[in-house]
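What's in coords_13.txt: compact mmCIF, C-alpha atoms
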# COMPACT_ATOMS: atom_id res chain seq x y z
CA MET A 3 23.42 -15.86 -23.44
CA LYS A 4 21.19 -17.87 -25.78
CA LYS A 5 18.32 -16.07 -27.49
CA LEU A 6 15.67 -18.18 -25.71
CA ASP A 7 17.31 -17.63 -22.31
CA ARG A 8 17.32 -13.87 -22.92
CA LEU A 9 13.70 -14.00 -24.06
CA ILE A 10 12.70 -15.91 -20.92
CA LEU A 11 14.20 -13.22 -18.67
CA HIS A 12 12.37 -10.44 -20.51
CA VAL A 13 9.05 -12.33 -20.38
CA GLU A 14 9.58 -12.98 -16.67
CA SER A 15 10.16 -9.26 -16.04
CA LEU A 16 6.97 -8.36 -17.91
CA ILE A 17 4.82 -10.78 -15.91
CA PHE A 18 6.40 -9.58 -12.67
CA SER A 19 5.63 -5.92 -13.45
CA ALA A 20 2.07 -6.55 -14.68
CA HIS A 21 -0.77 -5.55 -12.34
CA GLN A 22 -3.26 -7.64 -14.32
CA PRO A 23 -2.91 -10.76 -16.50
CA ILE A 24 -0.65 -9.97 -19.45
CA LYS A 25 -1.52 -11.63 -22.74
CA VAL A 26 0.85 -13.19 -25.28
CA GLU A 27 0.19 -10.46 -27.83
CA GLU A 28 0.96 -7.78 -25.23
CA ILE A 29 4.24 -9.55 -24.42
CA ARG A 30 5.17 -9.70 -28.10
CA LYS A 31 4.46 -5.99 -28.62
CA ALA A 32 6.50 -5.00 -25.55
CA LEU A 33 9.45 -7.13 -26.69
CA GLU A 34 9.27 -5.75 -30.21
CA ASP A 35 9.33 -2.19 -28.88
CA SER A 36 12.16 -2.73 -26.38
CA MET A 37 14.37 -5.24 -28.23
CA ASN A 38 13.67 -4.45 -31.88
CA TYR A 39 12.80 -8.10 -32.16
CA ASN A 40 9.37 -9.57 -32.82
CA PRO A 41 9.25 -13.10 -31.41
CA VAL A 42 6.73 -15.47 -32.90
CA GLU A 43 3.92 -16.74 -30.66
CA GLU A 44 5.59 -20.17 -30.35
CA GLU A 45 8.71 -18.58 -28.85
CA VAL A 46 6.70 -16.64 -26.27
CA ASN A 47 4.69 -19.76 -25.41
CA ALA A 48 7.93 -21.72 -24.95
CA ALA A 49 9.19 -19.05 -22.54
CA LEU A 50 5.88 -19.07 -20.67
CA GLU A 51 5.93 -22.86 -20.41
CA PHE A 52 9.48 -22.78 -19.01
CA LEU A 53 8.61 -20.10 -16.46
CA THR A 54 5.37 -21.78 -15.41
CA GLU A 55 7.23 -25.01 -14.75
CA LYS A 56 10.06 -23.17 -12.98
CA TYR A 57 7.74 -21.55 -10.44
CA ARG A 58 5.88 -24.79 -9.72
CA SER A 59 8.91 -25.72 -7.64
CA PRO A 60 8.29 -25.74 -3.85
CA ASP A 61 11.29 -23.42 -3.59
CA PHE A 62 8.97 -20.57 -4.55
CA SER A 63 5.98 -19.23 -2.60
CA PHE A 64 4.41 -17.85 -5.76
CA GLU A 65 3.64 -19.17 -9.24
CA ILE A 66 2.59 -18.06 -12.71
CA VAL A 67 -1.13 -18.56 -13.25
CA GLU A 68 -3.13 -18.26 -16.46
CA ILE A 69 -6.18 -16.04 -15.96
CA ASP A 70 -8.49 -14.82 -18.71
CA HIS A 71 -5.98 -15.80 -21.43
CA GLY A 72 -3.22 -13.84 -19.68
CA TYR A 73 -0.44 -14.60 -17.20
CA LEU A 74 0.15 -13.24 -13.69
CA PHE A 75 2.31 -13.97 -10.66
CA LEU A 76 0.14 -15.11 -7.74
CA SER A 77 0.94 -16.55 -4.33
CA LYS A 78 0.47 -20.29 -3.91
CA SER A 79 -2.54 -21.59 -2.00
CA THR A 80 -0.28 -22.91 0.78
CA TYR A 81 0.39 -19.31 1.83
CA HIS A 82 -3.11 -17.87 1.41
CA LYS A 83 -3.92 -18.08 5.13
CA THR A 84 -0.78 -16.15 6.06
CA ILE A 85 -1.39 -13.55 3.37
CA GLY A 86 -5.05 -13.33 4.39
CA SER A 87 -4.04 -12.55 7.96
CA PHE A 88 -1.84 -9.72 6.72
CA LEU A 89 -4.56 -8.35 4.44
CA LYS A 90 -7.03 -8.27 7.33
CA ILE A 91 -4.63 -5.95 9.10
CA SER A 92 -3.56 -3.82 6.15
CA SER A 93 -6.82 -3.81 4.15
CA PRO A 94 -9.74 -4.08 6.58
CA ARG A 95 -12.29 -2.76 4.05
CA ARG A 96 -13.51 -5.72 2.01
CA LEU A 97 -16.54 -5.85 -0.22
CA SER A 98 -19.65 -5.25 1.84
CA LYS A 99 -22.50 -7.76 1.89
CA ALA A 100 -24.53 -5.43 -0.33
CA ALA A 101 -21.67 -5.03 -2.81
CA LEU A 102 -20.98 -8.77 -2.91
CA GLU A 103 -24.66 -9.54 -3.42
CA THR A 104 -24.99 -6.95 -6.20
CA LEU A 105 -21.80 -8.17 -7.85
CA ALA A 106 -23.07 -11.75 -7.80
CA ILE A 107 -26.32 -10.73 -9.48
CA ILE A 108 -24.42 -8.87 -12.20
CA ALA A 109 -22.07 -11.83 -12.69
CA TYR A 110 -24.89 -14.33 -13.21
CA LYS A 111 -27.45 -12.15 -14.97
CA GLN A 112 -25.21 -9.99 -17.18
CA PRO A 113 -25.84 -7.91 -19.12
CA VAL A 114 -28.29 -6.51 -16.62
CA THR A 115 -29.92 -3.13 -15.89
CA LYS A 116 -30.04 -1.38 -12.52
CA SER A 117 -33.80 -1.89 -12.27
CA GLU A 118 -33.38 -5.63 -12.81
CA ILE A 119 -30.77 -5.75 -10.05
CA GLU A 120 -33.03 -3.78 -7.72
CA LYS A 121 -35.96 -6.09 -8.49
CA ILE A 122 -33.91 -9.05 -7.26
CA ARG A 123 -32.39 -7.29 -4.23
CA GLY A 124 -35.50 -5.31 -3.33
CA VAL A 125 -33.55 -2.15 -2.52
CA ASN A 126 -32.03 0.83 -4.33
CA CYS A 127 -28.59 -0.04 -5.74
CA ASP A 128 -27.26 3.34 -6.94
CA TYR A 129 -24.56 3.63 -4.28
CA THR A 130 -23.51 -0.03 -4.44
CA ILE A 131 -23.21 -0.10 -8.22
CA GLN A 132 -21.13 3.09 -8.15
CA LYS A 133 -18.77 1.52 -5.61
CA LEU A 134 -18.35 -1.54 -7.85
CA LEU A 135 -17.65 0.75 -10.80
CA ASP A 136 -15.08 2.65 -8.72
CA LYS A 137 -13.37 -0.64 -7.84
CA ASP A 138 -13.40 -1.60 -11.54
CA LEU A 139 -15.21 -4.86 -10.79
CA VAL A 140 -18.10 -4.04 -13.11
CA SER A 141 -18.38 -1.90 -16.23
CA ILE A 142 -21.04 -0.24 -18.36
CA ILE A 143 -21.24 -2.06 -21.69
CA GLY A 144 -24.08 -0.19 -23.41
CA ARG A 145 -27.78 0.52 -23.15
CA ASN A 146 -30.88 -1.64 -23.13
CA ASP A 147 -33.33 -1.18 -26.03
CA GLY A 148 -36.25 -0.83 -23.59
CA PRO A 149 -38.02 2.35 -22.44
CA GLY A 150 -35.56 5.03 -21.37
CA ARG A 151 -32.66 2.94 -22.72
CA PRO A 152 -31.22 2.13 -19.26
CA LEU A 153 -27.51 1.35 -18.84
CA LEU A 154 -26.36 -2.27 -19.04
CA TYR A 155 -23.88 -3.57 -16.47
CA ALA A 156 -21.50 -6.53 -16.73
CA THR A 157 -18.43 -7.79 -14.91
CA SER A 158 -15.08 -6.30 -15.92
CA ASP A 159 -11.80 -8.03 -16.76
CA ARG A 160 -10.62 -7.23 -13.23
CA PHE A 161 -13.53 -9.26 -11.86
CA MET A 162 -11.93 -12.49 -13.09
CA ASP A 163 -8.54 -11.36 -11.81
CA TYR A 164 -10.04 -10.50 -8.39
CA PHE A 165 -11.65 -13.94 -8.02
CA GLY A 166 -8.85 -15.87 -9.74
CA LEU A 167 -11.00 -17.15 -12.61
CA LYS A 168 -9.69 -18.21 -16.00
CA SER A 169 -13.15 -17.66 -17.47
CA MET A 170 -16.73 -17.05 -16.36
CA ASN A 171 -17.38 -20.75 -16.93
CA GLU A 172 -15.60 -21.44 -13.63
CA LEU A 173 -18.39 -19.81 -11.63
CA PRO A 174 -20.73 -22.36 -10.00
CA LYS A 175 -23.71 -23.12 -12.23
CA LEU A 176 -27.00 -21.69 -10.99
CA LYS A 177 -28.75 -24.98 -11.77
CA ASP A 178 -26.66 -26.50 -8.97
CA PHE A 179 -28.57 -24.32 -6.47
CA ASN A 180 -32.14 -25.16 -7.62
CA ILE A 181 -33.49 -21.59 -7.45
CA PRO A 182 -37.26 -21.41 -8.06
CA GLU A 183 -38.06 -18.33 -10.16
CA SER A 184 -40.72 -17.27 -7.65
CA GLU A 185 -38.18 -16.99 -4.83
CA ILE A 186 -36.74 -13.63 -5.81
CA GLY A 187 -35.64 -12.67 -2.31
CA ASP A 188 -33.81 -15.94 -1.75
CA SER A 189 -32.12 -15.98 -5.15
CA SER A 190 -29.91 -12.98 -4.39
CA THR A 191 -28.64 -14.68 -1.24
CA ILE A 192 -27.81 -17.85 -3.17
CA LEU A 193 -26.04 -15.83 -5.87
CA GLU A 194 -24.03 -14.06 -3.18
CA GLU A 195 -23.08 -17.36 -1.54
CA ALA A 196 -22.02 -18.84 -4.88
CA ILE A 197 -19.63 -16.01 -5.65
CA ARG A 198 -18.38 -15.91 -2.05
CA ASN A 199 -17.49 -19.59 -2.25
CA THR A 200 -15.66 -18.97 -5.50
CA ASN A 201 -13.59 -16.28 -3.82
CA GLU A 202 -12.70 -18.52 -0.89
CA ASN A 203 -11.77 -21.65 -2.89
Can the structure from this file be put into structure tokens for me?
Amino acid sequence: MKKLDRLILHVESLIFSAHQPIKVEEIRKALEDSMNYNPVEEEVNAALEFLTEKYRSPDFSFEIVEIDHGYLFLSKSTYHKTIGSFLKISSPRRLSKAALETLAIIAYKQPVTKSEIEKIRGVNCDYTIQKLLDKDLVSIIGRNDGPGRPLLYATSDRFMDYFGLKSMNELPKLKDFNIPESEIGDSSTILEEAIRNTNEN
């Protein structure tokens, strides 16, 4: 077996076993540890290009997708409805309206404090933020310099994986929604709708 062919199989196995997007450097380190061989970045990229093209074939119901500078096997959009039907049965507990709304605010306003989130939503967010932390969709990235030094929240790496985003730039731009600053109550609903649409597309 040629060296590139062997490398392709090992890269394929790594992507298949990954639960989140695996980056080129992570692939190189895993190969170096298991094969006593440190492939250069160009070799790994060549393997990734071959595999990406391979799984574009209609013979496969899944493909390799680049997300947040990493690679992951995902089902093709043609089969999303079927998979969605199964997930409704097997995983009935989706993000609640409150969680989705809070997550949207964090995504667009990050880094953001709990009090800032509550000012927009108009309700206490302790429970909702904790649930998002438990689901690893948001993370604590530090403290604000203001009085009391409140915690700062931002979206996690899993957030982009969950919504299938390559980067945060793929979120709809807030300017597209024409949100007047005075309409605090309405803005959270628009933020929620923006992120919901991203999840559905």
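Excluding A:Ile131 itself and same-chain residues fewer than 3 positions from it, the residues having an atom within 10 Å of it are Ala100, Ala101, Thr104, Leu105, Ile108, Lys116, Ile119, Asn126, Cys127, Asp128, Leu134, Leu135, Asp136, Lys137, Leu139, Val140, Ser141 and Tyr155 of chain A, counting all atoms listed in the file.
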Hey, what's within 10 Å of A:Met170 if we count all atoms listed in the file and toss same-chain stuff fewer than 2 positions away? As a PDB file with C-alpha atoms, in the coordinates of the input, please?
ATOM      1  CA  ASP A  70      -8.490 -14.820 -18.710  1.00  0.00           C
ATOM      2  CA  ALA A 109     -22.070 -11.830 -12.690  1.00  0.00           C
ATOM      3  CA  TYR A 110     -24.890 -14.330 -13.210  1.00  0.00           C
ATOM      4  CA  THR A 157     -18.430  -7.790 -14.910  1.00  0.00           C
ATOM      5  CA  PHE A 161     -13.530  -9.260 -11.860  1.00  0.00           C
ATOM      6  CA  MET A 162     -11.930 -12.490 -13.090  1.00  0.00           C
ATOM      7  CA  LEU A 167     -11.000 -17.150 -12.610  1.00  0.00           C
ATOM      8  CA  LYS A 168      -9.690 -18.210 -16.000  1.00  0.00           C
ATOM      9  CA  GLU A 172     -15.600 -21.440 -13.630  1.00  0.00           C
ATOM     10  CA  LEU A 173     -18.390 -19.810 -11.630  1.00  0.00           C
ATOM     11  CA  PRO A 174     -20.730 -22.360 -10.000  1.00  0.00           C
TER      12      PRO A 174
END
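Between atom CA of A:Ser117 and atom CA of A:Glu103 there is a distance of 14.8 Å.
Of the listed residues A:Asn171, A:Thr84, A:Ala32, A:Asp7, the one whose atoms come nearest to A:Leu50 is A:Asp7, with distances taken using all atoms listed in the file.
The spacing separating atom CA of A:Leu74 from atom CA of A:Ile17 amounts to 5.7 Å.
The gap separating atom CA of A:Leu102 from atom CA of A:Glu120 is 13.9 Å, in Å to one decimal.
With distances restricted to all atoms listed in the file, A:Ala49 is the closest residue to A:Leu6 from A:Leu33, A:Ile85, A:Val67, A:Ala49.
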Nearest residue to A:Tyr81 out of A:Pro113, A:Glu65, A:Gln132, A:Lys99, using all atoms listed in the file? A:Glu65
I need the residue nearest A:Lys56 from this list: A:Pro41, A:Glu118, A:Ile10, A:Asp138. Use only C-alpha atoms for the distance. A:Ile10
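Closest approach to A:Glu43 from the set A:Val26, A:Glu55, A:Gly148, A:Tyr73 is made by A:Val26, with distances taken over all atoms listed in the file.
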Using all atoms listed in the file, the best pick from A:Tyr164, A:Tyr129, A:Phe52, A:Tyr39 as closest to A:Leu11 would be A:Phe52
Enclosing box along x, y and z for every listed atom of stretch 46-50 of chain A, padded 6 Å each side, centre and size in Å, one decimal, as lines of an AutoDock Vina configuration file:
center_x = 6.9
center_y = -19.2
center_z = -23.5
size_x = 16.5
size_y = 17.1
size_z = 17.6
Place a sphere of radius 12 Å on (-1.4, -18.5, -3.4) in the file coordinates and name every protein, DNA or RNA residue with an atom inside or on its surface, counting all atoms listed in the file; give the answer as a CSV table (one decimal) with C-alpha atoms, in the frame of the given file.
chain,number,residue,atom,x,y,z
A,57,TYR,CA,7.7,-21.6,-10.4
A,58,ARG,CA,5.9,-24.8,-9.7
A,62,PHE,CA,9.0,-20.6,-4.6
A,63,SER,CA,6.0,-19.2,-2.6
A,64,PHE,CA,4.4,-17.8,-5.8
A,65,GLU,CA,3.6,-19.2,-9.2
A,66,ILE,CA,2.6,-18.1,-12.7
A,67,VAL,CA,-1.1,-18.6,-13.2
A,74,LEU,CA,0.2,-13.2,-13.7
A,75,PHE,CA,2.3,-14.0,-10.7
A,76,LEU,CA,0.1,-15.1,-7.7
A,77,SER,CA,0.9,-16.6,-4.3
A,78,LYS,CA,0.5,-20.3,-3.9
A,79,SER,CA,-2.5,-21.6,-2.0
A,80,THR,CA,-0.3,-22.9,0.8
A,81,TYR,CA,0.4,-19.3,1.8
A,82,HIS,CA,-3.1,-17.9,1.4
A,83,LYS,CA,-3.9,-18.1,5.1
A,84,THR,CA,-0.8,-16.2,6.1
A,85,ILE,CA,-1.4,-13.6,3.4
A,86,GLY,CA,-5.0,-13.3,4.4
A,166,GLY,CA,-8.8,-15.9,-9.7
A,202,GLU,CA,-12.7,-18.5,-0.9
A,203,ASN,CA,-11.8,-21.6,-2.9
